[in-house]
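structure07.pdb (PDB, C-alpha atoms, pLDDT in the B column) appears below.
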```
ATOM      1  CA  MET A 503       0.000   0.000   0.000  1.00 95.00           C
ATOM      2  CA  THR A 504       1.198   3.503  -0.793  1.00 98.00           C
ATOM      3  CA  ARG A 505       2.227   5.414   2.326  1.00 98.00           C
ATOM      4  CA  ILE A 506       1.742   9.206   2.481  1.00 98.00           C
ATOM      5  CA  VAL A 507       2.994  11.338   5.378  1.00 98.00           C
ATOM      6  CA  ALA A 508       2.011  14.970   5.862  1.00 98.00           C
ATOM      7  CA  ILE A 509       4.360  17.312   7.715  1.00 98.00           C
ATOM      8  CA  SER A 510       2.794  20.356   9.354  1.00 98.00           C
ATOM      9  CA  GLY A 511       5.274  23.146  10.026  1.00 98.00           C
ATOM     10  CA  SER A 512       2.861  25.101  12.213  1.00 97.00           C
ATOM     11  CA  ARG A 513       2.952  25.368  15.986  1.00 96.00           C
ATOM     12  CA  ARG A 514      -0.307  27.337  16.216  1.00 94.00           C
ATOM     13  CA  ASP A 515      -3.390  25.984  17.988  1.00 92.00           C
ATOM     14  CA  GLY A 516      -6.169  25.798  15.409  1.00 93.00           C
ATOM     15  CA  SER A 517      -3.595  25.783  12.597  1.00 97.00           C
ATOM     16  CA  THR A 518      -4.986  26.339   9.106  1.00 97.00           C
ATOM     17  CA  THR A 519      -1.907  24.552   7.718  1.00 98.00           C
ATOM     18  CA  ARG A 520      -2.724  21.432   9.707  1.00 98.00           C
ATOM     19  CA  ALA A 521      -6.414  21.670   8.721  1.00 98.00           C
ATOM     20  CA  ALA A 522      -5.562  21.943   5.015  1.00 98.00           C
ATOM     21  CA  LEU A 523      -3.132  19.022   5.252  1.00 98.00           C
ATOM     22  CA  ARG A 524      -5.868  16.898   6.831  1.00 98.00           C
ATOM     23  CA  VAL A 525      -8.089  17.636   3.812  1.00 98.00           C
ATOM     24  CA  ALA A 526      -5.278  16.554   1.465  1.00 98.00           C
ATOM     25  CA  LEU A 527      -4.652  13.436   3.592  1.00 98.00           C
ATOM     26  CA  ASP A 528      -8.351  12.499   3.465  1.00 98.00           C
ATOM     27  CA  ALA A 529      -8.169  12.663  -0.329  1.00 98.00           C
ATOM     28  CA  ALA A 530      -5.033  10.486  -0.248  1.00 98.00           C
ATOM     29  CA  VAL A 531      -6.947   7.915   1.829  1.00 98.00           C
ATOM     30  CA  ASP A 532      -9.776   8.029  -0.737  1.00 98.00           C
ATOM     31  CA  ALA A 533      -7.134   7.343  -3.412  1.00 98.00           C
ATOM     32  CA  GLY A 534      -6.093   4.192  -1.549  1.00 98.00           C
ATOM     33  CA  ALA A 535      -3.142   5.388   0.537  1.00 98.00           C
ATOM     34  CA  ASP A 536      -2.230   4.735   4.141  1.00 98.00           C
ATOM     35  CA  THR A 537      -1.565   8.115   5.796  1.00 98.00           C
ATOM     36  CA  ASP A 538      -0.078   9.777   8.833  1.00 98.00           C
ATOM     37  CA  LEU A 539       0.453  13.347  10.015  1.00 98.00           C
ATOM     38  CA  ILE A 540       3.628  14.665  11.606  1.00 98.00           C
ATOM     39  CA  ASP A 541       2.563  17.670  13.657  1.00 98.00           C
ATOM     40  CA  LEU A 542       5.832  19.481  14.341  1.00 98.00           C
ATOM     41  CA  GLY A 543       4.117  21.574  16.994  1.00 96.00           C
ATOM     42  CA  ALA A 544       3.541  18.450  19.082  1.00 97.00           C
ATOM     43  CA  VAL A 545       6.936  16.694  18.959  1.00 97.00           C
ATOM     44  CA  ASP A 546      10.224  16.933  20.828  1.00 96.00           C
ATOM     45  CA  LEU A 547      12.611  18.298  18.237  1.00 96.00           C
ATOM     46  CA  PRO A 548      15.408  20.544  19.491  1.00 96.00           C
ATOM     47  CA  LEU A 549      17.323  22.809  17.140  1.00 96.00           C
ATOM     48  CA  TYR A 550      19.277  20.772  14.626  1.00 96.00           C
ATOM     49  CA  HIS A 551      22.897  20.191  15.618  1.00 96.00           C
ATOM     50  CA  PRO A 552      25.088  18.592  12.925  1.00 93.00           C
ATOM     51  CA  ASN A 553      27.414  16.938  15.443  1.00 95.00           C
ATOM     52  CA  GLU A 554      24.633  14.965  17.138  1.00 91.00           C
ATOM     53  CA  ASP A 555      23.093  12.000  15.341  1.00 83.00           C
ATOM     54  CA  VAL A 556      19.867  11.687  17.328  1.00 89.00           C
ATOM     55  CA  GLN A 557      18.072  14.540  19.043  1.00 95.00           C
ATOM     56  CA  GLY A 558      14.663  14.305  20.675  1.00 96.00           C
ATOM     57  CA  ASP A 559      12.170  12.553  18.388  1.00 97.00           C
ATOM     58  CA  SER A 560      14.347  13.049  15.279  1.00 97.00           C
ATOM     59  CA  GLU A 561      15.087   9.377  14.689  1.00 96.00           C
ATOM     60  CA  GLY A 562      11.440   8.297  14.609  1.00 97.00           C
ATOM     61  CA  LEU A 563      10.336  11.322  12.599  1.00 98.00           C
ATOM     62  CA  THR A 564      13.001  10.926   9.918  1.00 97.00           C
ATOM     63  CA  ARG A 565      12.203   7.200   9.743  1.00 97.00           C
ATOM     64  CA  GLN A 566       8.543   8.073   9.024  1.00 98.00           C
ATOM     65  CA  VAL A 567       9.652  10.270   6.121  1.00 98.00           C
ATOM     66  CA  ARG A 568      12.174   7.709   4.845  1.00 97.00           C
ATOM     67  CA  GLU A 569       9.531   4.955   4.844  1.00 97.00           C
ATOM     68  CA  ALA A 570       6.923   7.111   3.080  1.00 98.00           C
ATOM     69  CA  ASP A 571       6.268   6.888  -0.636  1.00 98.00           C
ATOM     70  CA  GLY A 572       4.952  10.443  -0.668  1.00 98.00           C
ATOM     71  CA  VAL A 573       5.016  13.531   1.514  1.00 98.00           C
ATOM     72  CA  LEU A 574       2.630  16.453   1.834  1.00 98.00           C
ATOM     73  CA  ALA A 575       4.713  19.360   3.145  1.00 98.00           C
ATOM     74  CA  GLY A 576       2.747  22.206   4.672  1.00 98.00           C
ATOM     75  CA  THR A 577       3.860  25.426   6.284  1.00 98.00           C
ATOM     76  CA  PRO A 578       2.503  28.787   7.249  1.00 98.00           C
ATOM     77  CA  VAL A 579       4.107  31.744   5.510  1.00 97.00           C
ATOM     78  CA  TYR A 580       6.445  33.673   7.803  1.00 95.00           C
ATOM     79  CA  ARG A 581       8.371  36.670   6.452  1.00 94.00           C
ATOM     80  CA  GLY A 582       7.922  35.484   2.875  1.00 93.00           C
ATOM     81  CA  SER A 583       9.258  31.976   3.503  1.00 96.00           C
ATOM     82  CA  TYR A 584       8.476  28.802   5.431  1.00 97.00           C
ATOM     83  CA  SER A 585       8.366  28.527   9.214  1.00 97.00           C
ATOM     84  CA  SER A 586      11.464  28.029  11.344  1.00 97.00           C
ATOM     85  CA  THR A 587       9.739  24.954  12.766  1.00 97.00           C
ATOM     86  CA  PHE A 588       9.578  23.424   9.278  1.00 97.00           C
ATOM     87  CA  LYS A 589      13.151  24.493   8.466  1.00 97.00           C
ATOM     88  CA  ASN A 590      14.457  22.875  11.631  1.00 97.00           C
ATOM     89  CA  PHE A 591      12.802  19.546  10.802  1.00 97.00           C
ATOM     90  CA  HIS A 592      13.897  19.785   7.182  1.00 96.00           C
ATOM     91  CA  ASP A 593      17.516  20.108   8.359  1.00 96.00           C
ATOM     92  CA  PHE A 594      17.239  16.652   9.957  1.00 96.00           C
ATOM     93  CA  CYS A 595      16.213  15.110   6.607  1.00 96.00           C
ATOM     94  CA  GLY A 596      18.440  14.521   3.605  1.00 94.00           C
ATOM     95  CA  SER A 597      18.437  12.696   0.300  1.00 95.00           C
ATOM     96  CA  GLU A 598      18.224   9.337   2.098  1.00 95.00           C
ATOM     97  CA  GLU A 599      14.847  10.342   3.515  1.00 97.00           C
ATOM     98  CA  TYR A 600      13.507  11.716   0.232  1.00 97.00           C
ATOM     99  CA  ALA A 601      14.940   9.304  -2.351  1.00 92.00           C
ATOM    100  CA  ASN A 602      12.177   8.338  -4.814  1.00 93.00           C
ATOM    101  CA  THR A 603       9.611  10.301  -2.822  1.00 97.00           C
ATOM    102  CA  ALA A 604       6.830  12.377  -4.363  1.00 98.00           C
ATOM    103  CA  VAL A 605       6.339  15.645  -2.479  1.00 98.00           C
ATOM    104  CA  GLY A 606       3.339  17.955  -2.639  1.00 98.00           C
ATOM    105  CA  LEU A 607       3.701  21.510  -1.349  1.00 98.00           C
ATOM    106  CA  LEU A 608       1.166  23.576   0.564  1.00 98.00           C
ATOM    107  CA  ALA A 609       1.538  27.076   2.047  1.00 98.00           C
ATOM    108  CA  THR A 610      -0.985  29.005   4.119  1.00 98.00           C
ATOM    109  CA  ALA A 611      -0.681  32.779   4.211  1.00 97.00           C
ATOM    110  CA  GLY A 612      -2.322  35.161   6.640  1.00 92.00           C
ATOM    111  CA  GLY A 613      -2.230  37.745   3.878  1.00 87.00           C
ATOM    112  CA  GLY A 614      -1.991  37.292   0.159  1.00 81.00           C
ATOM    113  CA  SER A 615       1.548  36.261  -0.663  1.00 92.00           C
ATOM    114  CA  TYR A 616       2.700  32.639  -0.677  1.00 95.00           C
ATOM    115  CA  GLY A 617       4.659  32.342  -3.955  1.00 95.00           C
ATOM    116  CA  GLY A 618       8.094  32.864  -2.419  1.00 95.00           C
ATOM    117  CA  THR A 619       7.355  30.262   0.233  1.00 97.00           C
ATOM    118  CA  LEU A 620       6.410  27.637  -2.352  1.00 97.00           C
ATOM    119  CA  GLU A 621       9.552  28.460  -4.359  1.00 97.00           C
ATOM    120  CA  HIS A 622      11.755  28.142  -1.254  1.00 97.00           C
ATOM    121  CA  LEU A 623      10.177  24.781  -0.454  1.00 98.00           C
ATOM    122  CA  ARG A 624      10.577  23.566  -4.041  1.00 97.00           C
ATOM    123  CA  SER A 625      14.242  24.532  -4.026  1.00 97.00           C
ATOM    124  CA  THR A 626      15.054  22.856  -0.722  1.00 97.00           C
ATOM    125  CA  PHE A 627      13.225  19.660  -1.639  1.00 97.00           C
ATOM    126  CA  ARG A 628      15.023  19.485  -4.986  1.00 95.00           C
ATOM    127  CA  ASN A 629      18.277  19.838  -3.059  1.00 96.00           C
ATOM    128  CA  VAL A 630      17.532  16.584  -1.184  1.00 96.00           C
ATOM    129  CA  HIS A 631      16.497  14.797  -4.414  1.00 95.00           C
ATOM    130  CA  ALA A 632      12.764  14.726  -3.750  1.00 97.00           C
ATOM    131  CA  TRP A 633      10.325  14.736  -6.650  1.00 97.00           C
ATOM    132  CA  THR A 634       8.057  17.741  -6.176  1.00 98.00           C
ATOM    133  CA  VAL A 635       4.771  17.307  -8.002  1.00 98.00           C
ATOM    134  CA  PRO A 636       3.724  20.111 -10.355  1.00 97.00           C
ATOM    135  CA  HIS A 637       0.454  20.780  -8.536  1.00 97.00           C
ATOM    136  CA  GLU A 638       0.845  22.831  -5.356  1.00 97.00           C
ATOM    137  CA  VAL A 639      -1.520  24.773  -3.127  1.00 98.00           C
ATOM    138  CA  GLY A 640      -1.185  28.295  -1.769  1.00 97.00           C
ATOM    139  CA  ILE A 641      -3.937  29.633   0.449  1.00 97.00           C
ATOM    140  CA  ARG A 642      -4.357  33.409   0.770  1.00 95.00           C
ATOM    141  CA  GLY A 643      -6.086  34.756   3.865  1.00 95.00           C
ATOM    142  CA  ALA A 644      -6.062  31.264   5.346  1.00 96.00           C
ATOM    143  CA  SER A 645      -7.867  32.191   8.558  1.00 94.00           C
ATOM    144  CA  SER A 646     -10.801  33.397   6.435  1.00 95.00           C
ATOM    145  CA  ALA A 647     -10.577  30.530   3.945  1.00 95.00           C
ATOM    146  CA  ILE A 648     -10.791  27.750   6.564  1.00 96.00           C
ATOM    147  CA  ASP A 649     -13.347  27.773   9.373  1.00 96.00           C
ATOM    148  CA  ASP A 650     -12.774  26.848  13.025  1.00 93.00           C
ATOM    149  CA  GLU A 651     -13.801  23.252  12.287  1.00 94.00           C
ATOM    150  CA  GLY A 652     -11.063  22.894   9.651  1.00 94.00           C
ATOM    151  CA  ARG A 653     -13.452  23.084   6.680  1.00 96.00           C
ATOM    152  CA  PHE A 654     -12.849  25.145   3.571  1.00 97.00           C
ATOM    153  CA  ARG A 655     -15.318  27.925   2.915  1.00 97.00           C
ATOM    154  CA  ASP A 656     -14.491  27.852  -0.811  1.00 94.00           C
ATOM    155  CA  ASP A 657     -15.252  24.665  -2.778  1.00 97.00           C
ATOM    156  CA  ASP A 658     -12.632  25.380  -5.468  1.00 96.00           C
ATOM    157  CA  LEU A 659      -9.887  25.772  -2.874  1.00 97.00           C
ATOM    158  CA  ARG A 660     -10.984  22.580  -1.108  1.00 98.00           C
ATOM    159  CA  GLU A 661     -10.932  20.720  -4.431  1.00 98.00           C
ATOM    160  CA  ARG A 662      -7.429  22.005  -5.242  1.00 98.00           C
ATOM    161  CA  THR A 663      -6.249  20.784  -1.839  1.00 98.00           C
ATOM    162  CA  GLU A 664      -7.922  17.388  -2.281  1.00 98.00           C
ATOM    163  CA  ARG A 665      -6.348  17.171  -5.729  1.00 98.00           C
ATOM    164  CA  LEU A 666      -2.911  17.701  -4.159  1.00 98.00           C
ATOM    165  CA  GLY A 667      -3.465  14.640  -1.962  1.00 98.00           C
ATOM    166  CA  ARG A 668      -4.565  12.519  -4.936  1.00 98.00           C
ATOM    167  CA  ILE A 669      -1.699  13.685  -7.161  1.00 98.00           C
ATOM    168  CA  VAL A 670       0.924  12.875  -4.524  1.00 98.00           C
ATOM    169  CA  VAL A 671      -0.510   9.346  -4.291  1.00 98.00           C
ATOM    170  CA  GLU A 672      -0.415   8.965  -8.095  1.00 98.00           C
ATOM    171  CA  HIS A 673       3.186  10.148  -8.374  1.00 98.00           C
ATOM    172  CA  ALA A 674       4.282   8.112  -5.345  1.00 98.00           C
ATOM    173  CA  GLU A 675       2.873   4.968  -6.966  1.00 97.00           C
ATOM    174  CA  ARG A 676       4.720   5.707 -10.211  1.00 96.00           C
ATOM    175  CA  LEU A 677       8.003   6.269  -8.404  1.00 94.00           C
ATOM    176  CA  ARG A 678       7.586   3.070  -6.409  1.00 85.00           C
ATOM    177  CA  ASP A 679       6.970   0.901  -9.518  1.00 74.00           C
TER     178      ASP A 679
END
```
Before anything else, please render the file you have as structure tokens.
Amino acid sequence: MTRIVAISGSRRDGSTTRAALRVALDAAVDAGADTDLIDLGAVDLPLYHPNEDVQGDSEGLTRQVREADGVLAGTPVYRGSYSSTFKNFHDFCGSEEYANTAVGLLATAGGGSYGGTLEHLRSTFRNVHAWTVPHEVGIRGASSAIDDEGRFRDDDLRERTERLGRIVVEHAERLRD
């Protein structure tokens, strides 16, 4: 069975990033995948230190990524880029974790700009030899786009997010074969 792991780079209670990733994961389940969510706001992950092999929950978290066929990477937009929480986790992962892995990108912006964040993510994932899928999701005004129950207020945006989950499954299956 195809295994998809979502990584939420948000530490916020009621995170719109986490809510959007859950929508994408539900679509991945509907496409036949086994899924899991890594909520970086709920794990023990100290700042990356290159001289230490294992820190906090890093070993188990990187194993989850390494064993996944596909990854849904989600982050809030901070200062035109991805969150420091996501960056810290990403520093623990390398090409061994992302070899032959399809990656779908998702960014949630409080305002209107998410393009730079998606480009930064694309660049860093290419650097660790991941296969970023062409479809990606940016959500402007995320706190208005997603309600307190984690549901999209806009059907087109929900469909684009569901499509991201399905496309990551499709590409992950192709890479695995």
Query raised in the report: Selected by the PyMOL selection byres ((chain A and resi 600) around 9) in the shown coordinates: which residues, as number ranges by chain?
Result: A: 567-568, 570-573, 595-599, 601-605, 627, 630-633
Report task. List the neighbours of stretch 548-553 of chain A out to 10 Å using only C-alpha atoms; skip same-chain residues closer than 2 positions along the sequence, and give me the result as number ranges by chain. Result -> A: 545-546, 555-560, 586-587, 589-594
Any chance you can output those residues with C-alpha atoms as a CSV table (one decimal), keeping the file's coordinate frame?
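In the end it all went to out09.csv:
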```csv
chain,number,residue,atom,x,y,z
A,545,VAL,CA,6.9,16.7,19.0
A,546,ASP,CA,10.2,16.9,20.8
A,555,ASP,CA,23.1,12.0,15.3
A,556,VAL,CA,19.9,11.7,17.3
A,557,GLN,CA,18.1,14.5,19.0
A,558,GLY,CA,14.7,14.3,20.7
A,559,ASP,CA,12.2,12.6,18.4
A,560,SER,CA,14.3,13.0,15.3
A,586,SER,CA,11.5,28.0,11.3
A,587,THR,CA,9.7,25.0,12.8
A,589,LYS,CA,13.2,24.5,8.5
A,590,ASN,CA,14.5,22.9,11.6
A,591,PHE,CA,12.8,19.5,10.8
A,592,HIS,CA,13.9,19.8,7.2
A,593,ASP,CA,17.5,20.1,8.4
A,594,PHE,CA,17.2,16.7,10.0
```
Report task. Spell out the residues picked by the PyMOL selection byres ((chain A and resi 584) around 12) here, as number ranges by chain. Result -> A: 510-512, 519, 575-583, 585-592, 607-611, 615-626
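Between atom CA of A:Ile540 and atom CA of A:Arg505 lies a distance of 13.2 Å.
The residue that comes closest to A:Gln566, out of A:Arg524, A:Ala674, A:Ala530, A:Ile506 and on the basis of all atoms listed in the file, is A:Ile506.
Picture a line from atom CA of A:Ile509 to atom CA of A:Leu523; it runs 8.1 Å.
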Report summary line: The residue from A:Ala508, A:Glu554, A:Thr518, A:Asp528 with the smallest atom-to-atom distance to A:Arg642, counting all atoms listed in the file, is A:Thr518
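The space between atom CA of A:Gly606 and atom CA of A:Gly667 spans 7.6 Å.
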Report task. Step by step, work through what the PyMOL selection byres ((chain A and resi 663) around 12) selects in the shown file, and finish by giving those residues as a PyMOL selection string. Result -> chain A and resi 519+521-530+574+576+606-610+637-641+648+653-654+656-662+664-670
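With all atoms listed in the file as the atoms that count, the minimum distance from A:Asp649 to the choices A:Val635, A:Gly534, A:Glu672, A:Gly516 is reached by A:Gly516.
Residue nearest A:Met503, chosen from A:Leu539, A:Glu569, A:Gly562, A:Ser646 and counting all atoms listed in the file: A:Glu569.
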Query - Counting only C-alpha atoms, the residue of A:Val507, A:Gly614, A:Ser645, A:Arg655 that sits nearest A:Asp536 - result: A:Val507
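Compared by their closest atoms to A:Val671, and using all atoms listed in the file, the residues A:Thr537, A:Arg513, A:Arg520, A:Glu561 rank with A:Thr537 nearest.
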